[in-house]
>>> print(open('coords-v3.txt').read())   # compact mmCIF, C-alpha atoms
# COMPACT_ATOMS: atom_id res chain seq x y z
CA LEU R 1 0.00 0.00 0.00
CA LEU R 2 2.80 2.37 0.82
CA VAL R 3 4.51 1.74 -2.52
CA ILE R 4 1.23 2.18 -4.41
CA THR R 5 0.54 5.44 -2.63
CA ILE R 6 3.98 6.77 -3.45
CA LEU R 7 3.53 5.80 -7.11
CA VAL R 8 0.12 7.52 -7.24
CA LEU R 9 1.56 10.65 -5.72
CA ALA R 10 4.47 10.54 -8.13
CA ILE R 11 2.16 10.16 -11.13
CA PHE R 12 -0.05 12.96 -9.84
CA THR R 13 2.96 15.20 -9.35
CA MET R 14 4.28 14.44 -12.85
CA GLY R 15 0.84 15.13 -14.32
CA GLN R 16 0.71 18.45 -12.60
CA PHE R 17 4.36 19.21 -13.26
CA LYS R 18 3.69 22.20 -15.53
CA THR R 19 1.22 23.66 -13.08
CA LEU R 20 3.65 23.05 -10.24
CA MET R 21 6.53 24.71 -12.06
CA SER R 22 4.38 27.72 -12.94
CA MET R 23 3.71 28.38 -9.27
CA PRO R 24 5.72 30.89 -7.28
CA ASP R 25 8.61 29.40 -5.37
CA TRP R 26 6.86 29.71 -2.02
CA ALA R 27 3.70 28.01 -3.30
CA ARG R 28 5.69 25.22 -4.97
CA LEU R 29 7.63 24.63 -1.74
CA ILE R 30 4.43 24.44 0.31
CA THR R 31 2.79 22.03 -2.18
CA VAL R 32 5.76 19.65 -2.24
CA SER R 33 6.03 19.80 1.55
CA VAL R 34 2.35 18.95 1.96
CA LEU R 35 2.68 15.98 -0.42
CA LEU R 36 5.70 14.68 1.45
CA LEU R 37 3.95 15.18 4.77
CA LEU R 38 0.90 13.23 3.62
CA THR R 39 3.11 10.41 2.33
CA SER R 40 5.01 10.30 5.62
CA ILE R 41 1.80 10.23 7.66
CA PHE R 42 0.45 7.36 5.58
CA ALA R 43 3.75 5.48 5.88
CA VAL R 44 3.72 5.87 9.67
CA LEU R 45 0.13 4.63 9.86
CA VAL R 46 0.94 1.56 7.76
CA LEU R 47 4.05 0.70 9.79
CA ALA R 48 2.25 1.33 13.09
CA ARG R 49 -0.56 -1.03 12.08
CA ARG R 50 1.95 -3.64 10.93
CA LEU R 51 3.62 -3.50 14.33
CA SER R 52 0.52 -3.13 16.53
CA LEU R 53 -1.25 -6.29 15.31
CA PRO R 54 1.55 -8.73 16.27
CA LEU R 55 2.07 -6.85 19.54
CA ARG R 56 -1.62 -7.35 20.25
CA SER R 57 -1.16 -11.06 19.56
CA LEU R 58 1.81 -11.18 21.94
CA ALA R 59 -0.24 -9.38 24.60
CA ASP R 60 -2.94 -12.04 24.18
CA GLU R 61 -0.25 -14.74 24.58
CA ALA R 62 0.94 -13.11 27.81
CA GLN R 63 -2.65 -12.96 29.03
CA SER R 64 -3.14 -16.67 28.34
CA ILE R 65 0.03 -17.48 30.32
CA ARG R 66 -1.30 -15.43 33.24
CA ASP R 67 -4.52 -17.42 33.02
CA PHE R 68 -2.54 -20.72 33.06
CA ASP R 69 -3.55 -21.51 29.50
CA PHE R 70 -0.43 -23.04 28.00
CA SER R 71 -1.89 -24.32 24.75
CA SER R 72 0.40 -23.30 21.91
CA GLY R 73 -0.66 -20.14 20.13
CA GLY R 74 1.86 -20.37 17.31
CA VAL R 75 4.64 -18.01 16.29
CA VAL R 76 3.94 -14.51 14.97
CA ASN R 77 5.84 -13.64 11.78
CA THR R 78 6.13 -9.90 11.22
CA GLY R 79 9.44 -9.46 9.45
CA ILE R 80 10.58 -7.38 12.44
CA GLU R 81 13.42 -9.34 14.02
CA GLU R 82 12.92 -8.27 17.63
CA VAL R 83 9.17 -8.90 17.61
CA ASP R 84 9.59 -12.29 15.90
CA GLU R 85 12.26 -13.30 18.43
CA LEU R 86 9.98 -12.34 21.33
CA SER R 87 7.19 -14.40 19.79
CA ILE R 88 9.47 -17.45 19.47
CA ILE R 89 10.62 -17.11 23.09
CA MET R 90 7.05 -16.83 24.40
CA ASN R 91 5.96 -19.85 22.37
CA GLU R 92 8.91 -21.90 23.68
CA MET R 93 8.08 -20.79 27.22
CA LYS R 94 4.47 -21.99 26.88
CA THR R 95 5.62 -25.29 25.36
CA THR R 96 8.15 -25.81 28.17
CA ILE R 97 5.66 -25.09 30.94
CA ARG R 98 3.02 -27.31 29.34
CA ARG R 99 5.53 -30.16 28.97
CA PHE R 100 6.63 -29.79 32.60
CA LEU R 101 3.05 -29.90 33.89
CA GLU R 102 2.30 -32.99 31.80
CA ILE R 103 5.45 -34.78 33.01
CA GLY R 104 4.84 -33.81 36.65
CA SER R 105 1.29 -35.13 36.47
CA SER R 106 2.37 -38.43 34.89
CA LEU R 107 5.11 -38.99 37.49
CA THR R 108 2.69 -38.38 40.32
CA ALA R 109 0.20 -40.84 38.85
CA GLU R 110 2.77 -43.65 38.41
CA ARG R 111 2.18 -46.41 40.98
CA ASP R 112 4.86 -48.97 40.24
CA PHE R 113 8.35 -48.08 41.49
CA SER R 114 10.25 -49.68 38.59
CA SER R 115 7.93 -48.06 36.08
CA LEU R 116 8.46 -44.73 37.84
CA LEU R 117 12.25 -45.01 37.45
CA ASN R 118 11.88 -45.88 33.78
CA ARG R 119 9.46 -42.99 33.23
CA ILE R 120 11.76 -40.44 34.91
CA LEU R 121 14.73 -41.55 32.81
CA ARG R 122 12.69 -41.67 29.60
CA GLU R 123 11.36 -38.14 30.08
CA MET R 124 14.81 -36.73 30.80
CA VAL R 125 16.38 -38.48 27.82
CA ASP R 126 13.58 -37.24 25.55
CA VAL R 127 13.75 -33.65 26.80
CA SER R 128 17.55 -33.44 26.55
CA ARG R 129 17.60 -35.24 23.16
CA ALA R 130 20.47 -37.29 24.52
CA ALA R 131 21.67 -40.61 23.13
CA GLY R 132 20.62 -42.19 26.40
CA GLY R 133 21.05 -42.08 30.13
CA ALA R 134 21.36 -43.95 33.39
CA MET R 135 19.64 -43.61 36.74
CA TYR R 136 21.51 -44.16 39.98
CA LEU R 137 19.95 -44.26 43.44
CA LEU R 138 21.83 -43.73 46.67
CA GLU R 139 22.23 -46.85 48.81
CA GLU R 140 20.63 -46.81 52.26
CA ASP R 141 23.95 -46.24 54.06
CA GLY R 142 24.75 -43.36 51.68
CA SER R 143 28.15 -44.76 50.72
CA ALA R 144 27.54 -45.50 47.04
CA LEU R 145 25.28 -44.96 44.05
CA ARG R 146 23.75 -48.04 42.43
CA MET R 147 22.58 -48.13 38.83
CA GLU R 148 18.89 -48.98 38.60
CA ILE R 149 18.27 -48.62 34.88
CA LEU R 150 20.07 -47.69 31.67
CA ARG R 151 18.05 -46.46 28.68
CA THR R 152 18.86 -45.52 25.10
CA ALA R 153 17.02 -42.86 23.14
CA ASP R 154 15.32 -45.53 21.00
CA GLY R 155 13.83 -47.21 24.09
CA ARG R 156 16.21 -50.11 24.82
CA THR R 157 16.67 -50.62 28.56
CA PHE R 158 19.25 -52.45 30.69
CA ASP R 159 19.25 -53.09 34.42
CA THR R 160 22.88 -54.17 34.69
CA MET R 161 26.28 -54.03 32.96
CA ASP R 162 29.29 -56.32 32.66
CA GLU R 163 31.46 -53.57 34.18
CA SER R 164 30.61 -53.95 37.88
CA TYR R 165 32.42 -50.71 38.72
CA ALA R 166 29.77 -48.86 36.68
CA VAL R 167 26.88 -50.59 38.45
CA ARG R 168 27.91 -49.68 41.99
CA VAL R 169 29.81 -46.41 42.25
CA PRO R 170 31.25 -45.56 45.70
CA LEU R 171 31.08 -41.85 46.41
CA GLU R 172 34.59 -41.76 47.83
CA ILE R 173 36.28 -43.00 44.64
CA ARG R 174 35.06 -40.12 42.44
CA ASN R 175 35.43 -42.12 39.22
CA SER R 176 32.35 -40.62 37.58
CA ILE R 177 30.57 -37.35 37.07
CA VAL R 178 27.60 -38.84 38.96
CA THR R 179 29.52 -38.90 42.25
CA ASP R 180 30.52 -35.26 41.77
CA SER R 181 26.88 -34.31 41.18
CA ALA R 182 25.67 -36.26 44.22
CA LEU R 183 28.29 -34.79 46.55
CA ARG R 184 27.94 -31.21 45.28
CA ARG R 185 24.16 -31.53 44.94
CA LYS R 186 24.08 -29.59 41.69
CA ILE R 187 23.90 -30.25 37.95
CA GLU R 188 27.24 -31.08 36.39
CA ASP R 189 27.38 -30.32 32.64
CA ARG R 190 30.68 -31.21 30.98
CA ARG R 191 31.94 -31.56 27.44
CA VAL R 192 34.81 -34.05 27.43
CA ARG R 193 36.91 -35.94 24.92
CA ASN R 194 36.29 -39.66 24.80
CA ASP R 195 39.81 -40.48 25.95
CA GLU R 196 39.48 -38.05 28.91
CA MET R 197 36.31 -39.53 30.39
CA LYS R 198 36.38 -41.19 33.78
CA SER R 199 36.07 -44.98 33.79
CA VAL R 200 32.39 -45.21 34.73
CA ASP R 201 31.33 -42.51 32.28
CA ARG R 202 33.30 -44.15 29.46
CA ALA R 203 31.66 -47.52 30.15
CA LEU R 204 28.18 -45.98 30.14
CA ALA R 205 28.82 -44.07 26.90
CA ALA R 206 30.05 -47.26 25.22
CA LYS R 207 26.98 -49.18 26.41
CA LEU R 208 24.74 -46.44 24.98
CA GLY R 209 26.56 -46.58 21.66
CA VAL R 210 28.12 -43.11 21.87
CA SER R 211 31.51 -43.27 20.21
CA THR R 212 32.12 -39.69 19.05
CA ASN R 213 35.40 -37.98 19.87
CA GLU R 214 33.62 -35.56 22.21
CA VAL R 215 30.71 -36.31 24.52
CA GLU R 216 28.47 -34.09 26.61
CA LEU R 217 27.74 -35.48 30.07
CA ILE R 218 24.94 -34.01 32.17
CA ALA R 219 24.57 -35.34 35.71
CA VAL R 220 21.33 -34.23 37.38
CA PRO R 221 20.96 -34.81 41.13
CA LEU R 222 17.59 -35.91 42.49
CA LEU R 223 17.23 -33.91 45.68
CA SER R 224 14.54 -34.30 48.32
CA PRO R 225 12.68 -31.19 49.58
CA ARG R 226 15.20 -31.19 52.45
CA GLY R 227 18.10 -31.03 49.99
CA GLU R 228 19.23 -34.62 50.51
CA ALA R 229 20.55 -36.52 47.48
CA LEU R 230 18.33 -39.47 46.58
CA GLY R 231 20.15 -40.32 43.38
CA VAL R 232 21.52 -38.98 40.11
CA VAL R 233 20.42 -39.18 36.49
CA LEU R 234 23.28 -39.17 33.97
CA LEU R 235 22.48 -38.06 30.42
CA VAL R 236 24.97 -38.84 27.64
CA ALA R 237 24.81 -36.92 24.35
CA GLU R 238 26.99 -36.61 21.30
CA ALA R 239 28.68 -33.23 21.61
CA ASN R 240 27.75 -30.45 19.18
CA SER R 241 30.34 -30.05 16.44
CA ASP R 242 30.63 -26.36 17.32
CA PRO R 243 32.20 -26.04 20.80
CA SER R 244 30.71 -22.56 21.23
CA HIS R 245 27.16 -23.98 21.09
CA ALA R 246 25.87 -26.16 23.91
CA THR R 247 24.42 -29.50 22.88
CA VAL R 248 21.58 -29.02 25.36
CA SER R 249 20.25 -25.46 25.39
CA GLY R 250 19.71 -23.39 28.51
CA HIS R 251 15.91 -23.60 28.56
CA LEU R 252 16.07 -27.40 28.20
CA LEU R 253 18.50 -27.60 31.11
CA ALA R 254 16.04 -25.54 33.16
CA LEU R 255 13.25 -27.95 32.22
CA ILE R 256 15.44 -30.95 33.12
CA LYS R 257 16.16 -29.40 36.52
CA ALA R 258 12.44 -28.82 37.12
CA ILE R 259 11.66 -32.43 36.13
CA ALA R 260 14.33 -33.60 38.59
CA VAL R 261 12.53 -31.77 41.41
CA SER R 262 9.21 -33.47 40.58
CA ALA R 263 10.97 -36.80 40.10
CA ALA R 264 12.66 -36.58 43.52
CA ILE R 265 9.35 -35.86 45.23
CA ALA R 266 7.68 -38.78 43.44
CA LEU R 267 10.59 -41.07 44.35
CA GLU R 268 10.54 -40.12 47.99
CA ASN R 269 6.78 -40.62 48.19
CA LYS R 270 7.10 -44.11 46.68
CA GLN R 271 9.98 -45.03 48.98
CA LEU R 272 7.92 -44.01 52.00
CA LEU R 273 4.99 -46.24 51.02
>>> encode(input="coords-v3.txt", output="structure tokens")
Amino acid sequence: LLVITILVLAIFTMGQFKTLMSMPDWARLITVSVLLLLTSIFAVLVLARRLSLPLRSLADEAQSIRDFDFSSGGVVNTGIEEVDELSIIMNEMKTTIRRFLEIGSSLTAERDFSSLLNRILREMVDVSRAAGGAMYLLEEDGSALRMEILRTADGRTFDTMDESYAVRVPLEIRNSIVTDSALRRKIEDRRVRNDEMKSVDRALAAKLGVSTNEVELIAVPLLSPRGEALGVVLLVAEANSDPSHATVSGHLLALIKAIAVSAAIALENKQLL
């Protein structure tokens, strides 16, 4: 519309060129200024409308989040980079919250303890898009972590390994990232070369079929509401080819951490039954 308007004004001006040139200088200046002013006003109106509509859509998205409606509203495409980026972020936020609520609800509803462990590991592997993972629970005396289940991204599960040192991991030996995570009670996210991995981590990666030169290891502690470590989930992913880009993005790590909180509560409730 803006281009058409400019063309119309240009044609009109060319058609009236003789009349315009016959005018006194002051009258010609005023006429040209008025035409330019009208064009500018129309351009501002068009651009303002183009910007206001997607902003209205984003305001509606924010309103739906406030109302706990996390159904996806889609991404707004305006051609304005900042607005489009904000739309993408809001859509990802709604998707993340919805996924977290769904996972939390499913974990709470799980009755069987073994099924619960499998479900926790499956959800974390799916969210992180890892090649697979392993779940370790702390033994009653708190001296070691014991592997309960190993799962690949395609759904194959194992409850044991030939390497006994990877099945029971004493906390004092520190031969795995999982012991570091349990002792420090925080997520450990490391990108390591295959030949630099600790013995337990290397055995797990091999069992999961990860043989790339670099591997990303994410150990997520399962902490009770009192801050006590109940266990650790280890996620193993093929490292991104670009070292400057994390294999697992920040918002996915935040979701994984939130899932770990729900998982720890569900685990503790089942252990108390």
>>> residues_around(input="coords-v3.txt", residues="Asp162 of chain R", least_positions_apart="3", cutoff="12 Å", atoms="all atoms listed in the file", output="list in words")
Phe158, Asp159, Tyr165, Ala166, Val167, Arg168, Val200, Ala203, Leu204, Ala206 and Lys207 of chain R
>>> closest_residue(input="coords-v3.txt", among="R:Val261, R:Leu267, R:Ala237, R:Val192", to="Arg129 of chain R", atoms="all atoms listed in the file")
R:Ala237
>>> closest_residue(input="coords-v3.txt", among="R:Glu172, R:Asp189, R:Glu148, R:Asp201", to="Ser115 of chain R", atoms="all atoms listed in the file")
R:Glu148
>>> atom_distance(input="coords-v3.txt", atom1="atom CA of Glu214 of chain R", atom2="atom CA of Val125 of chain R")
18.4 Å
>>> residues_around(input="coords-v3.txt", residues="Ser224 of chain R", least_positions_apart="6", cutoff="8 Å", atoms="only C-alpha atoms", output="list in words")
Leu230, Val261, Ala264, Ile265 and Glu268 of chain R
>>> write_last_selection(input="coords-v3.txt", atoms="C-alpha atoms", output="PDB file, in the coordinates of the input")
ATOM      1  CA  LEU R 230      18.330 -39.470  46.580  1.00  0.00           C
ATOM      2  CA  VAL R 261      12.530 -31.770  41.410  1.00  0.00           C
ATOM      3  CA  ALA R 264      12.660 -36.580  43.520  1.00  0.00           C
ATOM      4  CA  ILE R 265       9.350 -35.860  45.230  1.00  0.00           C
ATOM      5  CA  GLU R 268      10.540 -40.120  47.990  1.00  0.00           C
TER       6      GLU R 268
END
>>> closest_residue(input="coords-v3.txt", among="R:Ala153, R:Ile30, R:Leu36, R:Leu55", to="Met124 of chain R", atoms="only C-alpha atoms")
R:Ala153
>>> atom_distance(input="coords-v3.txt", atom1="atom CA of Leu121 of chain R", atom2="atom CA of Thr212 of chain R")
22.3 Å
>>> atom_distance(input="coords-v3.txt", atom1="atom CA of Arg226 of chain R", atom2="atom CA of Arg174 of chain R")
24.0 Å
>>> residues_around(input="coords-v3.txt", residues="Leu217 of chain R", least_positions_apart="6", cutoff="8 Å", atoms="all atoms listed in the file", output="number ranges by chain")
R: 177, 188-192, 234-237
>>> closest_residue(input="coords-v3.txt", among="R:Val220, R:Ala134, R:Ala263, R:Leu117", to="Leu208 of chain R", atoms="only C-alpha atoms")
R:Ala134
>>> residues_around(input="coords-v3.txt", residues="Lys186 of chain R", least_positions_apart="4", cutoff="9 Å", atoms="all atoms listed in the file", output="ChimeraX atom specification")
/R:180-182,219-221
>>> closest_residue(input="coords-v3.txt", among="R:Ala266, R:Val83, R:Leu45, R:Ala254", to="Ala109 of chain R", atoms="all atoms listed in the file")
R:Ala266
>>> residues_around(input="coords-v3.txt", residues="Ser211 of chain R", least_positions_apart="6", cutoff="10 Å", atoms="all atoms listed in the file", output="ChimeraX atom specification")
/R:194,202,205,238
>>> closest_residue(input="coords-v3.txt", among="R:Ala131, R:Ile259, R:Met161, R:Ala43", to="Val215 of chain R", atoms="all atoms listed in the file")
R:Ala131
>>> residues_near_point(input="coords-v3.txt", point="(16.1, -44.6, 29.6)", cutoff="8 Å", atoms="all atoms listed in the file", output="list in words")
Asn118, Arg119, Leu121, Arg122, Val125, Gly132, Gly133, Ala134, Ile149, Leu150, Arg151, Thr152, Ala153, Gly155, Arg156 and Thr157 of chain R
